[in-house]
Amino acid sequence: MNQSISFQSAAWRRLKKNKGAVFGLVVIFLAVLVAIFAYFIAPDPSPYSNRIILEIGGEKPGYKQSFIKVKKDKDVFTPAFFSQLASGKEDVYYYIPIISHQQKGDSIIVQKYIDDGLSERKAYHSSQTAATPVITRKFWLGTDKYGRDIFSRIIVGTRVSLSVGLITVIISLSIGLLLGSLAGFFRGRTDDIIMWFINVIWSIPTLLLVFAITLALGKGFWQIFIAIGLTMWVNVARLVRGQVLGVRELEYVEATRALGFSNFRIIVRHIWPNIMGPVMVIAAANFASAIVIEAGLSFLGIGVQPPQPSWGLMIKENYNFIITQNPMLALAPGFAIMLLVLAFNLLGNGLRDALNVRGRI
């Protein structure tokens with residue numbers, strides 16, 4: 001006997017057939033892994049990948065440089081696994097760029113790199129250096145004007161973009177589901193008041209509203225998340241209101257009323273599960289929009305603050321290089337934004353088709 005296929009199974013099967021959605025899902029999954037293990041993947045595992053080496057600032061992708069590792073004057077403790085997972089680990093050594101080196105007895109004589117055609121002779125005792133004193137590093141995407149590794153900062157910056165998207169979606173869904181459900185379910189005066197409030201917020205340009213909230217809350221990591229989240233719930237509320245208006249008169253809702261269930265239970269247990277398809281689609285769209293807005297705000301200087309890496313902030317710091325011989329310093333974080341936003345948009349389109357909500361939103 002053939003068993004009926006559940007709606008979720010059928011939707012998942014349709015989603016898997018959509019190559020664009022699968023590509024988006026894979027990119028998002030990889031981005032999540034990169035964000036979680038950023039400090040174990042990044043070549044520069046220091047907090048915020050903020051290892052500043054001014055002598056090698058503004059170098060092109062593929063740049064190679066030798067360094068001598070000199071011990072710091074203070075004791076640096078190795079953090080526990082979860083501490084390093086969350087915030088990286090402080091460098092135990094200074095990384096000093098060199099042109100050449102030679103061992104003489106218990107000392108290492110090096111030509112310290114200062115600038116093109118300019119060097120300085122230095123000598124270090126073996127007790128001052130690491131067990132393997134000289135290393136050569138390749139900077140896959142070059143270095144910014146402070147000599148920081150662009151590749152490492154893009155990896156760590158993935159956390160900011162995914163975090164702002166996630167927190168924005170949580171805030172916007174929480175407010176949107178609540179107000180939209182109340183407006184659609186109770187109608188009448190409740191609907192009029194909520195829709196008036198929604199229209200007032202809707203009439204204010206998003207960036208202007210974000211600026212106002214940011215100025216009220218201050219600049220910073222968490223403030224920008226809250227500011228963006230508080231501006232993106234309107235789309236969700238309007239969608240949810242329309243969906244609730246469409247299902248509140250259906251027979252299964254009338255049956256729950258006849259059984260004496262409370263309005264809260266009817267909304268949460270019976271209406272919400274049946275309108276989650278369109279909500280998931282708009283959540284994916286909001287996730288992508290939040291990434292772009294955060295990048296724009298960071299570019300303007302009111303988002304994530306230095307030295308914390310944000311893709312928008314990296315573009316701001318390096319956009320002057322676009323007109324020079326090293327445009328990749330600004331283009332690399334731009335490509336990262338483009339790829340992640342594209343992934344969420346493709347996933348959203350795939351969810352729309354898989355959940356059969358094309359004509360309902």
# chains A, B, ... in the order shown; residues from 1 in each chain; ligands from 1
$ residues_around --residues "stretch 311-328 of chain A" --least-positions-apart "4" --cutoff "9 Å" --atoms "only C-alpha atoms" --output "tab-separated table (two decimals) with C-alpha atoms, in the first residue's frame"
chain	number	residue	atom	x	y	z
A	58	GLY	CA	48.61	47.41	0.69
A	59	GLU	CA	50.20	44.37	-0.94
A	60	LYS	CA	48.57	42.50	-3.84
A	61	PRO	CA	46.95	39.03	-3.73
A	141	LEU	CA	44.10	38.15	-1.03
A	142	GLY	CA	46.84	40.61	-0.12
A	144	ASP	CA	45.21	46.12	3.76
A	145	LYS	CA	46.87	49.47	4.48
A	150	ILE	CA	42.51	40.39	3.98
A	153	ARG	CA	39.51	39.27	8.01
A	154	ILE	CA	36.98	38.13	5.41
A	157	GLY	CA	33.86	38.96	9.05
A	158	THR	CA	31.53	36.14	8.00
A	160	VAL	CA	29.17	39.61	11.52
A	161	SER	CA	27.13	39.13	8.33
A	292	VAL	CA	23.38	44.40	2.59
A	294	GLU	CA	24.74	46.15	7.64
A	295	ALA	CA	27.46	46.38	5.01
A	296	GLY	CA	26.14	49.77	3.90
A	297	LEU	CA	25.98	51.11	7.45
A	298	SER	CA	29.48	49.86	8.23
A	299	PHE	CA	30.72	51.50	5.02
A	300	LEU	CA	29.20	54.78	6.24
A	301	GLY	CA	30.94	54.36	9.60
A	303	GLY	CA	27.85	50.08	11.84
A	304	VAL	CA	30.40	47.66	13.28
A	305	GLN	CA	33.39	49.58	14.61
A	306	PRO	CA	37.13	48.85	14.09
A	332	ALA	CA	37.20	40.76	-2.27
A	333	PRO	CA	34.79	41.69	0.57
A	334	GLY	CA	32.36	42.96	-2.09
A	336	ALA	CA	31.83	37.90	-0.37
A	337	ILE	CA	28.74	40.07	0.23
$ select_by_dssp --residues "stretch 76-114 of chain A" --states "alpha helix (DSSP H)" --output "ChimeraX atom specification"
/A:81-87
$ write_last_selection --atoms "C-alpha atoms" --output "JSON list (two decimals), in the first residue's frame"
[["chain", "number", "residue", "atom", "x", "y", "z"],
["A", 81, "PHE", "CA", 39.26, 25.60, 23.08],
["A", 82, "PHE", "CA", 35.92, 27.40, 23.43],
["A", 83, "SER", "CA", 37.60, 30.68, 24.31],
["A", 84, "GLN", "CA", 39.68, 30.49, 21.14],
["A", 85, "LEU", "CA", 36.60, 29.44, 19.18],
["A", 86, "ALA", "CA", 34.80, 32.58, 20.35],
["A", 87, "SER", "CA", 37.51, 35.25, 20.21]]
$ residues_around --residues "A:Phe139" --least-positions-apart "5" --cutoff "7 Å" --atoms "only C-alpha atoms" --output "number ranges by chain"
A: 61-64, 149
$ write_last_selection --atoms "N, CA and C atoms" --output "PDB file, in the first residue's frame"
ATOM      1  N   PRO A  61      47.217  40.448  -3.982  1.00  0.00           N
ATOM      2  CA  PRO A  61      46.953  39.025  -3.730  1.00  0.00           C
ATOM      3  C   PRO A  61      48.119  38.150  -4.161  1.00  0.00           C
ATOM      4  N   GLY A  62      48.404  37.130  -3.354  1.00  0.00           N
ATOM      5  CA  GLY A  62      49.500  36.216  -3.652  1.00  0.00           C
ATOM      6  C   GLY A  62      50.847  36.685  -3.135  1.00  0.00           C
ATOM      7  N   TYR A  63      50.868  37.796  -2.409  1.00  0.00           N
ATOM      8  CA  TYR A  63      52.126  38.355  -1.890  1.00  0.00           C
ATOM      9  C   TYR A  63      52.761  37.402  -0.880  1.00  0.00           C
ATOM     10  N   LYS A  64      54.061  37.193  -0.991  1.00  0.00           N
ATOM     11  CA  LYS A  64      54.799  36.344  -0.054  1.00  0.00           C
ATOM     12  C   LYS A  64      55.794  37.185   0.729  1.00  0.00           C
ATOM     13  N   ASP A 149      45.944  40.701   7.139  1.00  0.00           N
ATOM     14  CA  ASP A 149      45.620  39.712   6.113  1.00  0.00           C
ATOM     15  C   ASP A 149      44.145  39.840   5.713  1.00  0.00           C
TER      16      ASP A 149
END
$ closest_residue --among "A:Ile194, A:Ile171, A:Ile271, A:Thr214" --to "A:Leu230" --atoms "only C-alpha atoms"
A:Ile171
$ residues_around --residues "A:Leu178" --least-positions-apart "5" --cutoff "9 Å" --atoms "only C-alpha atoms" --output "PyMOL selection string"
chain A and resi 173+183+237+240
$ atom_distance --atom1 "atom CA of A:Asn50" --atom2 "atom CA of A:Asp73"
19.0 Å
$ residues_around --residues "A:Ile193" --least-positions-apart "3" --cutoff "12 Å" --atoms "only C-alpha atoms" --output "ChimeraX atom specification"
/A:179-180,182-184,186-190,196-200
$ residues_around --residues "stretch 29-32 of chain A" --least-positions-apart "4" --cutoff "8 Å" --atoms "only C-alpha atoms" --output "MDAnalysis selection string"
chainID A and resid 25 36 158 162 340
$ write_last_selection --atoms "N, CA and C atoms" --output "PDB file, in the first residue's frame"
ATOM      1  N   LEU A  25      21.886  26.775  -0.579  1.00  0.00           N
ATOM      2  CA  LEU A  25      21.927  26.050   0.681  1.00  0.00           C
ATOM      3  C   LEU A  25      23.341  25.600   1.010  1.00  0.00           C
ATOM      4  N   ILE A  36      31.658  29.626  12.404  1.00  0.00           N
ATOM      5  CA  ILE A  36      31.845  28.957  13.697  1.00  0.00           C
ATOM      6  C   ILE A  36      33.328  28.712  13.968  1.00  0.00           C
ATOM      7  N   THR A 158      32.720  36.943   8.280  1.00  0.00           N
ATOM      8  CA  THR A 158      31.528  36.136   7.996  1.00  0.00           C
ATOM      9  C   THR A 158      30.622  36.072   9.211  1.00  0.00           C
ATOM     10  N   LEU A 162      26.497  36.905   9.092  1.00  0.00           N
ATOM     11  CA  LEU A 162      25.517  35.883   9.465  1.00  0.00           C
ATOM     12  C   LEU A 162      24.804  36.247  10.764  1.00  0.00           C
ATOM     13  N   LEU A 340      27.062  35.708  -0.635  1.00  0.00           N
ATOM     14  CA  LEU A 340      26.177  35.307   0.460  1.00  0.00           C
ATOM     15  C   LEU A 340      24.754  35.816   0.233  1.00  0.00           C
TER      16      LEU A 340
END
$ atom_distance --atom1 "atom CA of A:Phe67" --atom2 "atom CA of A:Arg148"
14.0 Å
$ atom_distance --atom1 "atom CA of A:Ala288" --atom2 "atom CA of A:Val210"
16.4 Å
$ closest_residue --among "A:Ile275, A:Ile135, A:Ala258, A:Leu215" --to "A:Asn356" --atoms "only C-alpha atoms"
A:Ile275
$ closest_residue --among "A:Glu249, A:Asp192, A:Asp353, A:Asp44" --to "A:Met280" --atoms "only C-alpha atoms"
A:Asp353
$ residues_around --residues "A:Lys122" --least-positions-apart "4" --cutoff "8 Å" --atoms "only C-alpha atoms" --output "list in words"
Ile109, Val110, Gln111 and Lys112 of chain A
$ write_last_selection --atoms "C-alpha atoms" --output "mmCIF file, in the first residue's frame"
data_model
loop_
_atom_site.group_PDB
_atom_site.id
_atom_site.type_symbol
_atom_site.label_atom_id
_atom_site.label_comp_id
_atom_site.auth_asym_id
_atom_site.auth_seq_id
_atom_site.Cartn_x
_atom_site.Cartn_y
_atom_site.Cartn_z
ATOM 1 C CA ILE A 109 71.327 38.093 11.854
ATOM 2 C CA VAL A 110 68.502 39.438 9.698
ATOM 3 C CA GLN A 111 67.888 42.235 7.228
ATOM 4 C CA LYS A 112 64.641 43.723 8.505
#
$ select_by_dssp --residues "stretch 68-212 of chain A" --states "strand (DSSP E)" --output "PyMOL selection string"
chain A and resi 68-71+93-104+107-115+118-125+129-139
$ closest_residue --among "A:Ser262, A:Ser66, A:Gln103, A:Gln308" --to "A:Thr136" --atoms "only C-alpha atoms"
A:Ser66
